[in-house]
Amino acid sequence: MTDQIQRFLFDNTNVRGELVTLEQAYTEVLERHDYPPVVNRLLGELLAAVALLTDTVKLDGTLSIEVRGKGALALLMAESNPGGELRAIARLAEDAPAPADDVGFLELLGGGQIMITLDPREGNRYQGIVALDHDSLAGCLAAYFVQSEQLPTHLWLAADGQRAGGLLLQRMPDESRNQDLDAWDRSVVLADTVKDEELLALAPEQLLQRLYHEEPVRIFAPKSLRFGCTCSRDRIASALLTLGAEELREVLAEHGSIDTQCHFCHTRYHFGEVDVEALLAEGEGSPPVIH
């Protein structure tokens, strides 16, 4: 399977869609962590979702989805950028027992909210929040689009610990080009027949042919996706500077150095006394900027 996202639309309608398939990027995320199987599956759904949303909103920047729960699963986060790079992490609640393999979405999270952040390269940062009041990640994200974008949107997400996939359908507001008034309802009804194993195993063209063999589907060139982490020594240094000179020197006095690692990719960063003093000297006179 190729990690990619495929855009398509139905001719002479205002209905568009996206299909995403992930294997290698998903595997690379899971190889860096040790999560229970149920969390692995939900993390795969989130990776598929963040890829779909990034392509859907046509963002020239970074899009992240952060799911904060009150149950055994405290945090899920995935991030995507226009270059097709994906990364994701999860965090279980402290002292919580490992969740059962068959635990449901709402029970696993125990309530909470989803924060969707759009951080463009130019312009203002935007954040939308939606409650965890649907029984699936797909349902909660669809509610976000209705609430924040006023666009009818449906998502179908699947993951099995090895592969992840997703389908998104959206009805655009421009009715002037819609020559088929039943197209939206019909496309959703047909998509509701999709099985998880089809989302995970079939190539996009095969899946669209199975679902919409009688519909005028136009398929565009696919876009490749891959695992990628945006951490760097400079970003870590900027984050350290926000702690202030006094706290940094206290840590140095106690430990002799400052060692940290990226939560997403586990790359380690080491800052000795000379490194920290150079950072502080560089940062004097202007506040650090975290990109």
# chains A, B, ... in the order shown; residues from 1 in each chain; ligands from 1
call {"tool": "select_by_dssp", "arguments": {"residues": "segment 61-258 of chain A", "states": "alpha helix (DSSP H)", "output": "ChimeraX atom specification"}}
result
/A:105-109,137-144,183-191,196-201,204-212,233-241,245-255
call {"tool": "select_by_dssp", "arguments": {"residues": "segment 1-238 of chain A", "states": "strand (DSSP E)", "output": "MDAnalysis selection string"}}
result
chainID A and resid 4:10 15:22 61:69 73:80 85:92 112:120 126:131 153:159 164:171 217:219 223:224 226:227
call {"tool": "closest_residue", "arguments": {"among": "A:Leu118, A:Leu75, A:Leu225, A:Leu157", "to": "Gly61 of chain A", "atoms": "only C-alpha atoms"}}
result
A:Leu118
call {"tool": "residues_around", "arguments": {"residues": "segment 98-106 of chain A", "least_positions_apart": "2", "cutoff": "7 Å", "atoms": "only C-alpha atoms", "output": "PyMOL selection string"}}
result
chain A and resi 36-38+72+96+108-111+135-136
call {"tool": "residues_around", "arguments": {"residues": "segment 62-64 of chain A", "least_positions_apart": "2", "cutoff": "7 Å", "atoms": "only C-alpha atoms", "output": "PDB file with C-alpha atoms, in the first residue's frame"}}
result
ATOM      1  CA  VAL A  50      -5.462  14.939  10.233  1.00  0.00           C
ATOM      2  CA  THR A  54      -5.239  19.318   6.079  1.00  0.00           C
ATOM      3  CA  GLU A  66      -5.617  17.336  19.867  1.00  0.00           C
ATOM      4  CA  ALA A  78      -1.664  14.308  15.408  1.00  0.00           C
ATOM      5  CA  GLU A  79      -0.147  16.930  13.150  1.00  0.00           C
ATOM      6  CA  SER A  80       0.151  17.381   9.399  1.00  0.00           C
ATOM      7  CA  ASN A  81       1.639  19.948   7.048  1.00  0.00           C
ATOM      8  CA  ILE A 116      -8.286  21.655  15.958  1.00  0.00           C
ATOM      9  CA  THR A 117      -5.553  24.211  15.350  1.00  0.00           C
ATOM     10  CA  LEU A 118      -4.757  25.795  11.983  1.00  0.00           C
ATOM     11  CA  ASP A 119      -1.371  27.515  12.021  1.00  0.00           C
ATOM     12  CA  PRO A 120      -0.739  29.123   8.597  1.00  0.00           C
TER      13      PRO A 120
END
call {"tool": "residues_around", "arguments": {"residues": "Val67 of chain A", "least_positions_apart": "6", "cutoff": "7 Å", "atoms": "only C-alpha atoms", "output": "PyMOL selection string"}}
result
chain A and resi 75-77+113-115
call {"tool": "residues_around", "arguments": {"residues": "segment 137-151 of chain A", "least_positions_apart": "6", "cutoff": "9 Å", "atoms": "only C-alpha atoms", "output": "JSON, numbers by chain"}}
result
{"A": [42, 45, 46, 49, 105, 114, 116, 128, 129, 130, 131, 157, 170, 171, 172, 173]}
call {"tool": "atom_distance", "arguments": {"atom1": "atom CA of Ile236 of chain A", "atom2": "atom CA of His270 of chain A"}}
result
10.0 Å
call {"tool": "closest_atom_pairs", "arguments": {"of": "segment 125-168 of chain A", "to": "segment 10-32 of chain A", "cutoff": "8 Å", "atoms": "only C-alpha atoms", "output": "CSV"}}
result
residue,atom,partner,partner_atom,distance
A:Gly161,CA,A:Thr27,CA,7.9
A:Gln162,CA,A:Thr27,CA,6.3
A:Arg163,CA,A:Glu23,CA,4.6
A:Ala164,CA,A:Leu22,CA,5.0
A:Gly165,CA,A:Thr21,CA,4.5
A:Gly166,CA,A:Val20,CA,5.2
A:Leu167,CA,A:Leu19,CA,4.7
A:Leu168,CA,A:Glu18,CA,5.2
call {"tool": "atom_distance", "arguments": {"atom1": "atom CA of Arg233 of chain A", "atom2": "atom CA of Tyr269 of chain A"}}
result
6.8 Å
call {"tool": "atom_distance", "arguments": {"atom1": "atom CA of Leu279 of chain A", "atom2": "atom CA of Glu85 of chain A"}}
result
29.1 Å
